[in-house]
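Visitor: What follows is query30.pdb; its format and atoms are PDB, C-alpha atoms.
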ATOM      1  CA  MET W   1      43.457 -39.362 -10.452
ATOM      2  CA  THR W   2      46.765 -37.753 -11.262
ATOM      3  CA  GLN W   3      49.489 -38.198  -8.662
ATOM      4  CA  LEU W   4      50.793 -34.742  -7.693
ATOM      5  CA  THR W   5      53.659 -35.816  -5.425
ATOM      6  CA  PRO W   6      54.935 -39.023  -3.858
ATOM      7  CA  PHE W   7      53.206 -37.757  -0.729
ATOM      8  CA  GLY W   8      49.612 -37.880  -1.994
ATOM      9  CA  ALA W   9      47.079 -36.969  -4.672
ATOM     10  CA  PRO W  10      44.782 -33.922  -4.924
ATOM     11  CA  ALA W  11      41.725 -34.269  -2.695
ATOM     12  CA  THR W  12      38.338 -34.505  -4.396
ATOM     13  CA  VAL W  13      35.856 -31.675  -3.993
ATOM     14  CA  GLY W  14      33.402 -33.786  -2.011
ATOM     15  CA  VAL W  15      36.025 -34.939   0.479
ATOM     16  CA  ARG W  16      37.422 -31.446   1.060
ATOM     17  CA  VAL W  17      33.901 -30.041   1.575
ATOM     18  CA  GLY W  18      33.231 -32.808   4.099
ATOM     19  CA  ALA W  19      36.446 -32.083   5.994
ATOM     20  CA  PHE W  20      35.685 -28.362   6.094
ATOM     21  CA  SER W  21      32.140 -29.070   7.311
ATOM     22  CA  VAL W  22      33.566 -31.023  10.255
ATOM     23  CA  ASP W  23      35.847 -28.123  11.199
ATOM     24  CA  ALA W  24      33.028 -25.601  10.853
ATOM     25  CA  ALA W  25      30.711 -27.751  12.958
ATOM     26  CA  LEU W  26      33.305 -27.978  15.738
ATOM     27  CA  VAL W  27      33.713 -24.182  15.830
ATOM     28  CA  VAL W  28      29.936 -23.630  15.878
ATOM     29  CA  ILE W  29      29.327 -26.242  18.572
ATOM     30  CA  VAL W  30      31.920 -24.892  21.029
ATOM     31  CA  SER W  31      30.915 -21.263  20.461
ATOM     32  CA  VAL W  32      27.169 -21.961  20.853
ATOM     33  CA  ALA W  33      27.800 -24.040  23.967
ATOM     34  CA  ALA W  34      29.839 -21.192  25.513
ATOM     35  CA  SER W  35      27.116 -18.677  24.608
ATOM     36  CA  LEU W  36      24.374 -20.744  26.226
ATOM     37  CA  LEU W  37      26.379 -21.569  29.338
ATOM     38  CA  ALA W  38      27.818 -18.081  29.888
ATOM     39  CA  SER W  39      27.321 -15.200  27.454
ATOM     40  CA  PRO W  40      27.479 -14.359  23.749
ATOM     41  CA  VAL W  41      30.718 -12.485  24.398
ATOM     42  CA  LEU W  42      32.341 -15.644  25.734
ATOM     43  CA  GLY W  43      30.919 -17.561  22.794
ATOM     44  CA  ALA W  44      32.582 -15.158  20.352
ATOM     45  CA  ALA W  45      35.875 -15.428  22.243
ATOM     46  CA  VAL W  46      35.728 -19.219  22.166
ATOM     47  CA  ALA W  47      35.003 -19.162  18.423
ATOM     48  CA  ALA W  48      38.031 -16.922  17.865
ATOM     49  CA  GLU W  49      40.226 -19.259  19.917
ATOM     50  CA  ALA W  50      38.948 -22.254  17.960
ATOM     51  CA  LEU W  51      39.827 -20.538  14.663
ATOM     52  CA  LEU W  52      43.262 -19.674  16.060
ATOM     53  CA  GLY W  53      43.792 -23.323  16.983
ATOM     54  CA  LEU W  54      42.816 -24.469  13.481
ATOM     55  CA  TRP W  55      45.270 -21.960  11.979
ATOM     56  CA  ILE W  56      48.139 -23.201  14.166
ATOM     57  CA  LEU W  57      47.387 -26.858  13.387
ATOM     58  CA  GLN W  58      47.312 -26.197   9.669
ATOM     59  CA  ALA W  59      50.479 -24.083   9.745
ATOM     60  CA  ARG W  60      52.543 -26.578  11.751
ATOM     61  CA  ARG W  61      50.971 -29.923  10.825
ATOM     62  CA  GLY W  62      49.157 -29.243   7.562
ATOM     63  CA  LEU W  63      45.935 -30.642   8.965
ATOM     64  CA  THR W  64      42.814 -29.896  11.011
ATOM     65  CA  PRO W  65      40.404 -32.260  12.822
ATOM     66  CA  GLY W  66      38.305 -32.567   9.666
ATOM     67  CA  ALA W  67      41.360 -33.157   7.488
ATOM     68  CA  LEU W  68      42.615 -35.791   9.914
ATOM     69  CA  LEU W  69      39.240 -37.550   9.822
ATOM     70  CA  PHE W  70      39.196 -37.647   6.020
ATOM     71  CA  GLY W  71      42.906 -38.404   5.572
ATOM     72  CA  LEU W  72      43.827 -35.019   4.086
ATOM     73  CA  ARG W  73      46.850 -32.797   4.492
ATOM     74  CA  THR W  74      47.567 -29.237   3.337
ATOM     75  CA  ALA W  75      50.986 -28.791   1.716
ATOM     76  CA  ARG W  76      52.882 -26.207  -0.280
ATOM     77  CA  VAL W  77      52.180 -26.586  -3.959
ATOM     78  CA  GLU W  78      55.869 -26.895  -4.901
ATOM     79  CA  ALA W  79      56.835 -29.514  -2.285
ATOM     80  CA  PRO W  80      55.129 -31.866   0.224
ATOM     81  CA  VAL W  81      55.889 -29.756   3.287
ATOM     82  CA  VAL W  82      53.540 -28.044   5.710
ATOM     83  CA  PRO W  83      52.355 -24.583   4.584
ATOM     84  CA  GLY W  84      53.739 -22.504   7.460
ATOM     85  CA  ALA W  85      52.092 -19.637   9.318
ATOM     86  CA  GLY W  86      51.849 -17.130   6.445
ATOM     87  CA  ARG W  87      50.301 -19.443   3.868
ATOM     88  CA  ALA W  88      47.930 -21.001   6.387
ATOM     89  CA  PHE W  89      46.786 -17.509   7.449
ATOM     90  CA  VAL W  90      46.047 -16.422   3.864
ATOM     91  CA  ARG W  91      44.229 -19.673   3.137
ATOM     92  CA  GLY W  92      42.069 -19.489   6.260
ATOM     93  CA  LEU W  93      41.402 -15.760   5.906
ATOM     94  CA  LEU W  94      39.852 -16.140   2.456
ATOM     95  CA  VAL W  95      37.591 -18.929   3.693
ATOM     96  CA  VAL W  96      36.491 -16.853   6.699
ATOM     97  CA  MET W  97      35.885 -13.812   4.481
ATOM     98  CA  GLY W  98      33.692 -15.939   2.264
ATOM     99  CA  GLY W  99      31.639 -16.897   5.314
ATOM    100  CA  VAL W 100      31.351 -13.266   6.427
ATOM    101  CA  VAL W 101      30.028 -12.106   3.051
ATOM    102  CA  LEU W 102      27.523 -14.924   2.944
ATOM    103  CA  LEU W 103      27.338 -17.815   5.410
ATOM    104  CA  ALA W 104      27.447 -20.333   2.605
ATOM    105  CA  GLY W 105      30.267 -18.374   0.980
ATOM    106  CA  ALA W 106      32.855 -20.297   2.967
ATOM    107  CA  TRP W 107      31.659 -23.535   1.371
ATOM    108  CA  VAL W 108      31.694 -21.838  -2.034
ATOM    109  CA  VAL W 109      35.380 -20.946  -1.545
ATOM    110  CA  VAL W 110      36.175 -24.523  -0.509
ATOM    111  CA  ALA W 111      34.177 -26.029  -3.397
ATOM    112  CA  SER W 112      35.811 -23.664  -5.915
ATOM    113  CA  ALA W 113      38.407 -26.410  -6.355
ATOM    114  CA  ALA W 114      35.965 -27.840  -8.899
ATOM    115  CA  PHE W 115      36.803 -24.926 -11.225
ATOM    116  CA  ASP W 116      40.550 -25.681 -11.293
ATOM    117  CA  LYS W 117      41.371 -26.962 -14.766
ATOM    118  CA  SER W 118      44.994 -27.835 -13.920
ATOM    119  CA  GLY W 119      44.040 -31.149 -12.306
ATOM    120  CA  ARG W 120      45.358 -30.110  -8.894
ATOM    121  CA  ARG W 121      41.893 -29.197  -7.554
ATOM    122  CA  ARG W 122      43.098 -26.034  -5.864
ATOM    123  CA  SER W 123      40.441 -23.750  -4.424
ATOM    124  CA  TRP W 124      40.593 -19.953  -4.656
ATOM    125  CA  ALA W 125      42.129 -19.923  -1.172
ATOM    126  CA  ASP W 126      44.753 -22.492  -2.216
ATOM    127  CA  ARG W 127      45.746 -20.441  -5.242
ATOM    128  CA  ALA W 128      46.132 -17.278  -3.186
ATOM    129  CA  ALA W 129      48.170 -19.068  -0.506
ATOM    130  CA  GLY W 130      50.249 -21.277  -2.812
ATOM    131  CA  THR W 131      48.951 -24.488  -1.232
ATOM    132  CA  VAL W 132      47.270 -27.719  -2.272
ATOM    133  CA  LEU W 133      45.077 -30.156  -0.331
ATOM    134  CA  LEU W 134      46.300 -33.751  -0.664
ATOM    135  CA  ALA W 135      44.575 -37.031   0.059
ATOM    136  CA  VAL W 136      47.343 -38.847   1.932
ATOM    137  CA  PRO W 137      47.386 -42.668   2.025
ATOM    138  CA  ARG W 138      47.429 -43.907   5.595
ATOM    139  CA  GLY W 139      50.710 -45.693   5.066
ATOM    140  CA  LYS W 140      52.374 -42.488   3.864
ATOM    141  CA  GLN W 141      51.192 -40.187   6.642
ATOM    142  CA  ALA W 142      54.181 -38.164   7.784
ATOM    143  CA  PRO W 143      55.207 -38.754  11.416
ATOM    144  CA  ASP W 144      54.717 -36.102  14.042
ATOM    145  CA  ALA W 145      57.876 -34.022  14.463
ATOM    146  CA  ASP W 146      57.596 -33.923  18.245
ATOM    147  CA  GLU W 147      57.016 -37.615  18.883
ATOM    148  CA  PRO W 148      59.966 -39.846  19.834
ATOM    149  CA  ARG W 149      60.948 -42.267  17.100
ATOM    150  CA  VAL W 150      62.459 -45.694  17.218
ATOM    151  CA  LEU W 151      64.271 -46.212  13.948
ATOM    152  CA  SER W 152      64.724 -49.610  12.425
ATOM    153  CA  GLU W 153      68.171 -51.048  11.839
ATOM    154  CA  PRO W 154      69.736 -48.663   9.288
ATOM    155  CA  THR W 155      70.424 -49.890   5.803
ATOM    156  CA  VAL W 156      73.255 -48.621   3.653
ATOM    157  CA  GLN W 157      72.146 -46.537   0.672
ATOM    158  CA  ARG W 158      74.886 -45.426  -1.740
ATOM    159  CA  THR W 159      74.386 -42.346  -3.840
ATOM    160  CA  GLY W 160      75.676 -43.800  -7.083
ATOM    161  CA  ALA W 161      74.155 -47.275  -7.183
ATOM    162  CA  SER W 162      70.877 -48.158  -5.490
ATOM    163  CA  ARG W 163      69.552 -44.612  -5.237
ATOM    164  CA  GLU W 164      67.600 -43.405  -8.266
ATOM    165  CA  PRO W 165      67.366 -39.683  -9.107
ATOM    166  CA  LEU W 166      63.848 -38.421  -8.423
ATOM    167  CA  ARG W 167      63.687 -34.966  -9.965
ATOM    168  CA  MET W 168      65.628 -31.956 -11.196
ATOM    169  CA  ASP W 169      65.407 -28.902  -8.959
ATOM    170  CA  ALA W 170      66.335 -25.659 -10.768
ATOM    171  CA  SER W 171      66.525 -23.661  -7.544
ATOM    172  CA  ALA W 172      68.804 -26.252  -5.993
ATOM    173  CA  ALA W 173      71.072 -26.217  -9.020
ATOM    174  CA  ALA W 174      71.500 -22.465  -8.597
ATOM    175  CA  LEU W 175      72.799 -22.832  -5.035
ATOM    176  CA  PRO W 176      76.571 -22.470  -4.509
ATOM    177  CA  LEU W 177      78.454 -25.718  -4.827
ATOM    178  CA  ALA W 178      80.198 -27.280  -1.873
ATOM    179  CA  PRO W 179      84.013 -27.103  -2.011
ATOM    180  CA  ALA W 180      86.006 -30.308  -1.920
ATOM    181  CA  TRP W 181      86.364 -31.628   1.627
ATOM    182  CA  ASP W 182      90.150 -31.766   1.355
ATOM    183  CA  ALA W 183      90.590 -28.306  -0.164
ATOM    184  CA  PRO W 184      93.297 -26.463   1.807
ATOM    185  CA  ILE W 185      91.384 -23.697   3.561
ATOM    186  CA  ILE W 186      94.517 -22.476   5.396
ATOM    187  CA  ALA W 187      98.193 -22.524   4.520
ATOM    188  CA  ILE W 188      99.729 -25.899   5.355
ATOM    189  CA  GLU W 189     103.441 -26.613   5.572
ATOM    190  CA  ALA W 190     104.377 -30.174   4.641
ATOM    191  CA  PRO W 191     106.919 -32.036   6.805
ATOM    192  CA  SER W 192     110.427 -31.405   5.544
ATOM    193  CA  VAL W 193     112.508 -34.222   4.080
ATOM    194  CA  ALA W 194     116.312 -34.328   4.287
ATOM    195  CA  GLY W 195     117.875 -32.707   1.239
ATOM    196  CA  GLU W 196     114.605 -31.132   0.050
ATOM    197  CA  ARG W 197     113.050 -27.738   0.635
ATOM    198  CA  PRO W 198     109.805 -27.728   2.561
ATOM    199  CA  ALA W 199     106.807 -27.481   0.278
ATOM    200  CA  THR W 200     104.287 -24.871   1.296
ATOM    201  CA  VAL W 201     100.731 -24.465   0.040
ATOM    202  CA  ALA W 202     100.470 -20.687  -0.137
ATOM    203  CA  PRO W 203      97.284 -18.666   0.375
ATOM    204  CA  GLU W 204      95.631 -16.756  -2.448
ATOM    205  CA  PRO W 205      98.008 -14.216  -4.130
ATOM    206  CA  SER W 206      95.950 -11.277  -2.878
ATOM    207  CA  ALA W 207      96.062 -12.474   0.723
ATOM    208  CA  PRO W 208      98.912 -11.221   2.975
ATOM    209  CA  ALA W 209     101.536 -13.707   4.033
ATOM    210  CA  PRO W 210     100.656 -15.361   7.393
ATOM    211  CA  THR W 211     102.581 -14.040  10.360
ATOM    212  CA  ALA W 212     101.715 -16.866  12.755
ATOM    213  CA  PRO W 213     103.416 -20.275  12.471
ATOM    214  CA  VAL W 214     101.569 -22.648  10.181
ATOM    215  CA  ARG W 215     100.469 -26.109  11.272
ATOM    216  CA  THR W 216     101.254 -29.431   9.680
ATOM    217  CA  PRO W 217      98.397 -31.873   9.088
ATOM    218  CA  GLY W 218      99.577 -34.111  11.891
ATOM    219  CA  VAL W 219      99.709 -31.331  14.478
ATOM    220  CA  GLY W 220      96.165 -29.918  14.402
ATOM    221  CA  ARG W 221      93.023 -32.024  14.275
ATOM    222  CA  ALA W 222      91.011 -31.956  11.080
ATOM    223  CA  GLN W 223      87.734 -30.090  11.382
ATOM    224  CA  LEU W 224      84.450 -29.977   9.511
ATOM    225  CA  LEU W 225      82.847 -26.701   8.499
ATOM    226  CA  VAL W 226      79.081 -26.698   7.927
ATOM    227  CA  VAL W 227      77.676 -23.695   6.032
ATOM    228  CA  PHE W 228      73.914 -23.160   5.601
ATOM    229  CA  ASP W 229      72.217 -21.173   2.858
ATOM    230  CA  THR W 230      71.148 -18.680   5.539
ATOM    231  CA  GLY W 231      74.778 -17.920   6.409
ATOM    232  CA  GLN W 232      74.757 -19.978   9.606
ATOM    233  CA  ARG W 233      78.197 -21.603  10.096
ATOM    234  CA  GLU W 234      79.232 -24.390  12.460
ATOM    235  CA  GLN W 235      82.722 -25.866  12.930
ATOM    236  CA  PHE W 236      83.856 -28.855  15.002
ATOM    237  CA  ASP W 237      86.620 -31.460  15.281
ATOM    238  CA  LEU W 238      86.652 -34.722  13.365
ATOM    239  CA  PRO W 239      85.753 -37.502  13.706
ATOM    240  CA  ALA W 240      82.273 -36.543  14.868
ATOM    241  CA  ALA W 241      78.625 -37.564  14.968
ATOM    242  CA  VAL W 242      76.234 -34.639  14.586
ATOM    243  CA  ASN W 243      72.485 -34.310  15.106
ATOM    244  CA  PHE W 244      70.804 -31.441  13.251
ATOM    245  CA  GLY W 245      67.371 -30.085  14.091
ATOM    246  CA  ARG W 246      65.254 -27.339  15.557
ATOM    247  CA  ALA W 247      66.107 -28.517  19.091
ATOM    248  CA  PRO W 248      68.208 -31.687  18.604
ATOM    249  CA  VAL W 249      68.890 -34.257  21.290
ATOM    250  CA  ALA W 250      71.897 -36.558  21.500
ATOM    251  CA  ASP W 251      71.856 -40.248  20.621
ATOM    252  CA  GLN W 252      75.313 -40.777  22.144
ATOM    253  CA  PRO W 253      77.110 -38.877  24.935
ATOM    254  CA  ASN W 254      79.659 -37.265  22.591
ATOM    255  CA  ASP W 255      77.233 -36.213  19.847
ATOM    256  CA  VAL W 256      77.560 -32.692  18.464
ATOM    257  CA  LEU W 257      74.205 -30.871  18.477
ATOM    258  CA  ILE W 258      73.481 -28.164  15.887
ATOM    259  CA  SER W 259      70.302 -26.109  16.190
ATOM    260  CA  VAL W 260      69.276 -24.977  12.714
ATOM    261  CA  ASP W 261      67.795 -21.506  12.251
ATOM    262  CA  ASP W 262      64.161 -22.231  11.376
ATOM    263  CA  PRO W 263      61.710 -19.329  11.861
ATOM    264  CA  ASP W 264      58.888 -21.249  10.101
ATOM    265  CA  ARG W 265      59.413 -24.316  12.350
ATOM    266  CA  LEU W 266      59.456 -26.694   9.370
ATOM    267  CA  ILE W 267      62.466 -28.629  10.671
ATOM    268  CA  SER W 268      61.895 -31.418  13.184
ATOM    269  CA  LYS W 269      63.421 -31.273  16.653
ATOM    270  CA  THR W 270      65.952 -33.940  15.647
ATOM    271  CA  HIS W 271      65.871 -33.929  11.852
ATOM    272  CA  LEU W 272      69.053 -35.539  10.499
ATOM    273  CA  ARG W 273      72.192 -37.296  11.750
ATOM    274  CA  LEU W 274      75.630 -36.847  10.154
ATOM    275  CA  GLU W 275      78.542 -39.192  10.863
ATOM    276  CA  HIS W 276      82.040 -38.296   9.650
ATOM    277  CA  ASP W 277      85.104 -40.442  10.424
ATOM    278  CA  GLY W 278      87.537 -37.859   9.073
ATOM    279  CA  GLU W 279      87.482 -39.210   5.524
ATOM    280  CA  THR W 280      83.934 -40.372   4.759
ATOM    281  CA  ALA W 281      80.550 -38.889   5.650
ATOM    282  CA  TRP W 282      77.191 -40.615   6.119
ATOM    283  CA  VAL W 283      73.774 -39.052   6.667
ATOM    284  CA  THR W 284      70.573 -40.531   8.105
ATOM    285  CA  ASP W 285      67.150 -38.888   8.147
ATOM    286  CA  ALA W 286      65.818 -39.264  11.711
ATOM    287  CA  GLY W 287      62.209 -39.761  10.651
ATOM    288  CA  SER W 288      61.603 -36.040  10.097
ATOM    289  CA  THR W 289      58.197 -34.636   9.225
ATOM    290  CA  ASN W 290      59.230 -32.713   6.112
ATOM    291  CA  GLY W 291      62.043 -34.969   4.993
ATOM    292  CA  SER W 292      65.702 -34.663   3.967
ATOM    293  CA  GLU W 293      67.250 -34.675   0.509
ATOM    294  CA  LEU W 294      70.629 -34.829  -1.198
ATOM    295  CA  ILE W 295      71.299 -32.437  -4.081
ATOM    296  CA  ASP W 296      73.870 -33.346  -6.734
ATOM    297  CA  ASP W 297      76.020 -30.808  -8.601
ATOM    298  CA  ASP W 298      73.559 -30.759 -11.520
ATOM    299  CA  GLY W 299      70.568 -30.090  -9.252
ATOM    300  CA  THR W 300      69.238 -33.646  -9.224
ATOM    301  CA  VAL W 301      67.453 -34.254  -5.924
ATOM    302  CA  HIS W 302      67.377 -37.577  -4.070
ATOM    303  CA  VAL W 303      65.027 -38.100  -1.133
ATOM    304  CA  LEU W 304      66.528 -39.812   1.913
ATOM    305  CA  ARG W 305      64.565 -42.728   3.292
ATOM    306  CA  PRO W 306      64.014 -42.373   7.063
ATOM    307  CA  GLY W 307      66.508 -44.510   8.973
ATOM    308  CA  SER W 308      68.587 -45.287   5.858
ATOM    309  CA  ARG W 309      72.297 -44.543   6.415
ATOM    310  CA  THR W 310      73.413 -42.980   3.135
ATOM    311  CA  LEU W 311      76.902 -42.252   1.852
ATOM    312  CA  LEU W 312      77.422 -38.519   1.313
ATOM    313  CA  GLU W 313      79.650 -38.049  -1.695
ATOM    314  CA  GLU W 314      81.982 -35.096  -2.197
ATOM    315  CA  GLY W 315      80.262 -31.950  -3.454
ATOM    316  CA  THR W 316      76.754 -33.137  -2.553
ATOM    317  CA  ARG W 317      74.554 -30.693  -0.662
ATOM    318  CA  VAL W 318      72.061 -31.669   2.029
ATOM    319  CA  ARG W 319      68.592 -30.158   2.389
ATOM    320  CA  LEU W 320      66.591 -30.282   5.641
ATOM    321  CA  SER W 321      63.056 -29.241   4.737
ATOM    322  CA  GLU W 322      63.873 -25.816   3.229
ATOM    323  CA  ARG W 323      67.385 -25.337   4.643
ATOM    324  CA  VAL W 324      70.448 -26.416   2.627
ATOM    325  CA  PHE W 325      73.979 -26.907   3.927
ATOM    326  CA  THR W 326      77.367 -27.827   2.483
ATOM    327  CA  LEU W 327      80.402 -29.471   4.086
ATOM    328  CA  SER W 328      84.062 -28.473   3.920
ATOM    329  CA  ARG W 329      86.779 -30.544   5.542
ATOM    330  CA  LEU W 330      89.404 -28.225   7.055
ATOM    331  CA  ILE W 331      92.955 -29.483   7.505
ATOM    332  CA  GLY W 332      95.182 -28.124  10.213
ATOM    333  CA  GLY W 333      92.738 -26.764  12.784
ATOM    334  CA  PRO W 334      90.361 -23.844  13.089
ATOM    335  CA  VAL W 335      90.532 -20.909  10.709
TER     336      VAL W 335
END
Step by step, read the file and then write its structure as structure tokens.
Guide:
Amino acid sequence: MTQLTPFGAPATVGVRVGAFSVDAALVVIVSVAASLLASPVLGAAVAAEALLGLWILQARRGLTPGALLFGLRTARVEAPVVPGAGRAFVRGLLVVMGGVVLLAGAWVVVASAAFDKSGRRRSWADRAAGTVLLAVPRGKQAPDADEPRVLSEPTVQRTGASREPLRMDASAAALPLAPAWDAPIIAIEAPSVAGERPATVAPEPSAPAPTAPVRTPGVGRAQLLVVFDTGQREQFDLPAAVNFGRAPVADQPNDVLISVDDPDRLISKTHLRLEHDGETAWVTDAGSTNGSELIDDDGTVHVLRPGSRTLLEEGTRVRLSERVFTLSRLIGGPV
């Protein structure tokens, strides 16, 4: 069996049919029970609610009761992350339409994975939705994003030595590069020395001369600017410890909390921790569901091990699930 991703291998046709049969049986059982105990109308409503629940589970967790029983997980075909609401809806809709046309048609859609010659065993619904069904080893099952995690003692992982490049990501290489952390974002006047003229780092030639007094590096605190690919910007004083996530919580009283824009809810509540002492930055994946990665200038992607405190080198971008951010160290205070 060909390994599709480090997360798992394509599920066999028999296993995926078995998992779907479990889900279908659950829907039929609850709807029939409601019809017998109350009315057919209630039975239809219960069946619709059961299908809605399966859609939500697959969109947010990549699994259903049948998939959980058989150790399967639905993921996007290009990366081992949950499919999201849109892809899960398309996938489920085609299966339901197959059942409406002919009761056994739903099983035909599921079993159509046998006709996939690519080796990925994608059914017609998977191809339309851009998904793949993976058989996930128990030891590699991704943790639940909403469960509290107790991380082991962090280990130091350096980007240039012990960490091996995993793949080249063309889309990541096309993203804008992060500027150097010490690039002068504002005009900075160096302290004057007796007998010498003060040296001034001027703004761009097209920019007007500043009218307000400039600050020296020792007067204003250095700050860190975080810019996401969505345009979201966050700025705070250094040194700092920052927790990123959909709804992050603090590990320490003075932690900075940054809520990342995430309409598809693919980012964990507390996804990644960044520590910056003013000169050096470290990142640690907080056991997120869809993982964190570092992207080099050439587009090489390195997956962060959960709980591993990793040195973040200058110019490296950080990806949380599908969001990417860059860091810029500002000297002399806010801009």
Visitor: Would you write out, as a compact mmCIF listing (two decimals) with C-alpha atoms, keeping the file's coordinate frame, every residue that the PyMOL selection byres ((chain W and resi 247) around 12) captures in this file?
Guide:
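What landed in expr-v4.txt:
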# COMPACT_ATOMS: atom_id res chain seq x y z
CA ALA W 145 57.88 -34.02 14.46
CA ASP W 146 57.60 -33.92 18.24
CA ASN W 243 72.48 -34.31 15.11
CA PHE W 244 70.80 -31.44 13.25
CA GLY W 245 67.37 -30.08 14.09
CA ARG W 246 65.25 -27.34 15.56
CA PRO W 248 68.21 -31.69 18.60
CA VAL W 249 68.89 -34.26 21.29
CA ALA W 250 71.90 -36.56 21.50
CA LEU W 257 74.20 -30.87 18.48
CA ILE W 258 73.48 -28.16 15.89
CA SER W 259 70.30 -26.11 16.19
CA VAL W 260 69.28 -24.98 12.71
CA ASP W 261 67.80 -21.51 12.25
CA ASP W 262 64.16 -22.23 11.38
CA ARG W 265 59.41 -24.32 12.35
CA LEU W 266 59.46 -26.69 9.37
CA ILE W 267 62.47 -28.63 10.67
CA SER W 268 61.90 -31.42 13.18
CA LYS W 269 63.42 -31.27 16.65
CA THR W 270 65.95 -33.94 15.65
CA HIS W 271 65.87 -33.93 11.85
CA LEU W 272 69.05 -35.54 10.50
Visitor: Please evaluate the PyMOL selection byres ((chain W and resi 318) around 9) against the displayed coordinates and give the resulting residues as a list of chain:residue names.
Guide: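 Evaluating the PyMOL selection byres ((chain W and resi 318) around 9) on this file yields W:Val283, W:Ser292, W:Glu293, W:Leu294, W:Ile295, W:Leu312, W:Thr316, W:Arg317, W:Arg319, W:Leu320, W:Arg323, W:Val324, W:Phe325, W:Thr326, W:Leu327.
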Visitor: Please enumerate the residues selected by the PyMOL selection byres ((chain W and resi 286) around 6) when evaluated against the supplied file, formatted as a list in words.
Guide: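 Here the PyMOL selection byres ((chain W and resi 286) around 6) matches His271, Leu272, Asp285, Gly287, Ser288, Pro306 and Gly307 of chain W.
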Visitor: In Å to one decimal, how far is CA of Trp55 in chain W from CA of Ala67 in chain W?
Guide: 12.7 Å
Visitor: Find the residue from W:Leu51, W:Ala44, W:Leu69, W:Ala129 that sits nearest to Gly84 in chain W; use all atoms listed in the file when measuring.
Guide: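 Answer, going by the shortest atom-to-atom distance: W:Ala129.
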Visitor: Missing atoms in range 296-307 of chain W: can you complete it with N, CA, C and O atoms, as a PDB file, in the coordinates of the input?
Guide:
ATOM      1  N   ASP W 296      72.649 -33.175  -5.955  1.00  0.00           N
ATOM      2  CA  ASP W 296      73.870 -33.346  -6.734  1.00  0.00           C
ATOM      3  C   ASP W 296      74.292 -32.023  -7.365  1.00  0.00           C
ATOM      4  O   ASP W 296      73.554 -31.035  -7.350  1.00  0.00           O
ATOM      5  N   ASP W 297      75.498 -32.019  -7.966  1.00  0.00           N
ATOM      6  CA  ASP W 297      76.020 -30.808  -8.601  1.00  0.00           C
ATOM      7  C   ASP W 297      75.101 -30.286  -9.695  1.00  0.00           C
ATOM      8  O   ASP W 297      75.007 -29.074  -9.910  1.00  0.00           O
ATOM      9  N   ASP W 298      74.410 -31.188 -10.406  1.00  0.00           N
ATOM     10  CA  ASP W 298      73.559 -30.759 -11.520  1.00  0.00           C
ATOM     11  C   ASP W 298      72.152 -30.400 -11.078  1.00  0.00           C
ATOM     12  O   ASP W 298      71.289 -30.122 -11.913  1.00  0.00           O
ATOM     13  N   GLY W 299      71.887 -30.442  -9.756  1.00  0.00           N
ATOM     14  CA  GLY W 299      70.568 -30.090  -9.252  1.00  0.00           C
ATOM     15  C   GLY W 299      69.625 -31.262  -9.096  1.00  0.00           C
ATOM     16  O   GLY W 299      68.485 -31.089  -8.661  1.00  0.00           O
ATOM     17  N   THR W 300      70.078 -32.473  -9.427  1.00  0.00           N
ATOM     18  CA  THR W 300      69.238 -33.646  -9.224  1.00  0.00           C
ATOM     19  C   THR W 300      69.049 -33.892  -7.726  1.00  0.00           C
ATOM     20  O   THR W 300      70.006 -33.882  -6.966  1.00  0.00           O
ATOM     21  N   VAL W 301      67.799 -34.115  -7.339  1.00  0.00           N
ATOM     22  CA  VAL W 301      67.453 -34.254  -5.924  1.00  0.00           C
ATOM     23  C   VAL W 301      67.117 -35.707  -5.623  1.00  0.00           C
ATOM     24  O   VAL W 301      66.393 -36.366  -6.372  1.00  0.00           O
ATOM     25  N   HIS W 302      67.649 -36.218  -4.526  1.00  0.00           N
ATOM     26  CA  HIS W 302      67.377 -37.577  -4.070  1.00  0.00           C
ATOM     27  C   HIS W 302      66.815 -37.512  -2.654  1.00  0.00           C
ATOM     28  O   HIS W 302      67.414 -36.909  -1.766  1.00  0.00           O
ATOM     29  N   VAL W 303      65.666 -38.102  -2.452  1.00  0.00           N
ATOM     30  CA  VAL W 303      65.027 -38.100  -1.133  1.00  0.00           C
ATOM     31  C   VAL W 303      65.650 -39.183  -0.262  1.00  0.00           C
ATOM     32  O   VAL W 303      65.819 -40.327  -0.702  1.00  0.00           O
ATOM     33  N   LEU W 304      65.990 -38.835   0.967  1.00  0.00           N
ATOM     34  CA  LEU W 304      66.528 -39.812   1.913  1.00  0.00           C
ATOM     35  C   LEU W 304      65.394 -40.593   2.565  1.00  0.00           C
ATOM     36  O   LEU W 304      64.425 -40.005   3.037  1.00  0.00           O
ATOM     37  N   ARG W 305      65.533 -41.899   2.581  1.00  0.00           N
ATOM     38  CA  ARG W 305      64.565 -42.728   3.292  1.00  0.00           C
ATOM     39  C   ARG W 305      64.833 -42.643   4.786  1.00  0.00           C
ATOM     40  O   ARG W 305      65.986 -42.757   5.217  1.00  0.00           O
ATOM     41  N   PRO W 306      63.805 -42.450   5.607  1.00  0.00           N
ATOM     42  CA  PRO W 306      64.014 -42.373   7.063  1.00  0.00           C
ATOM     43  C   PRO W 306      64.726 -43.614   7.584  1.00  0.00           C
ATOM     44  O   PRO W 306      64.355 -44.746   7.254  1.00  0.00           O
ATOM     45  N   GLY W 307      65.772 -43.407   8.376  1.00  0.00           N
ATOM     46  CA  GLY W 307      66.508 -44.510   8.973  1.00  0.00           C
ATOM     47  C   GLY W 307      67.526 -45.155   8.063  1.00  0.00           C
ATOM     48  O   GLY W 307      68.221 -46.078   8.478  1.00  0.00           O
TER      49      GLY W 307
END
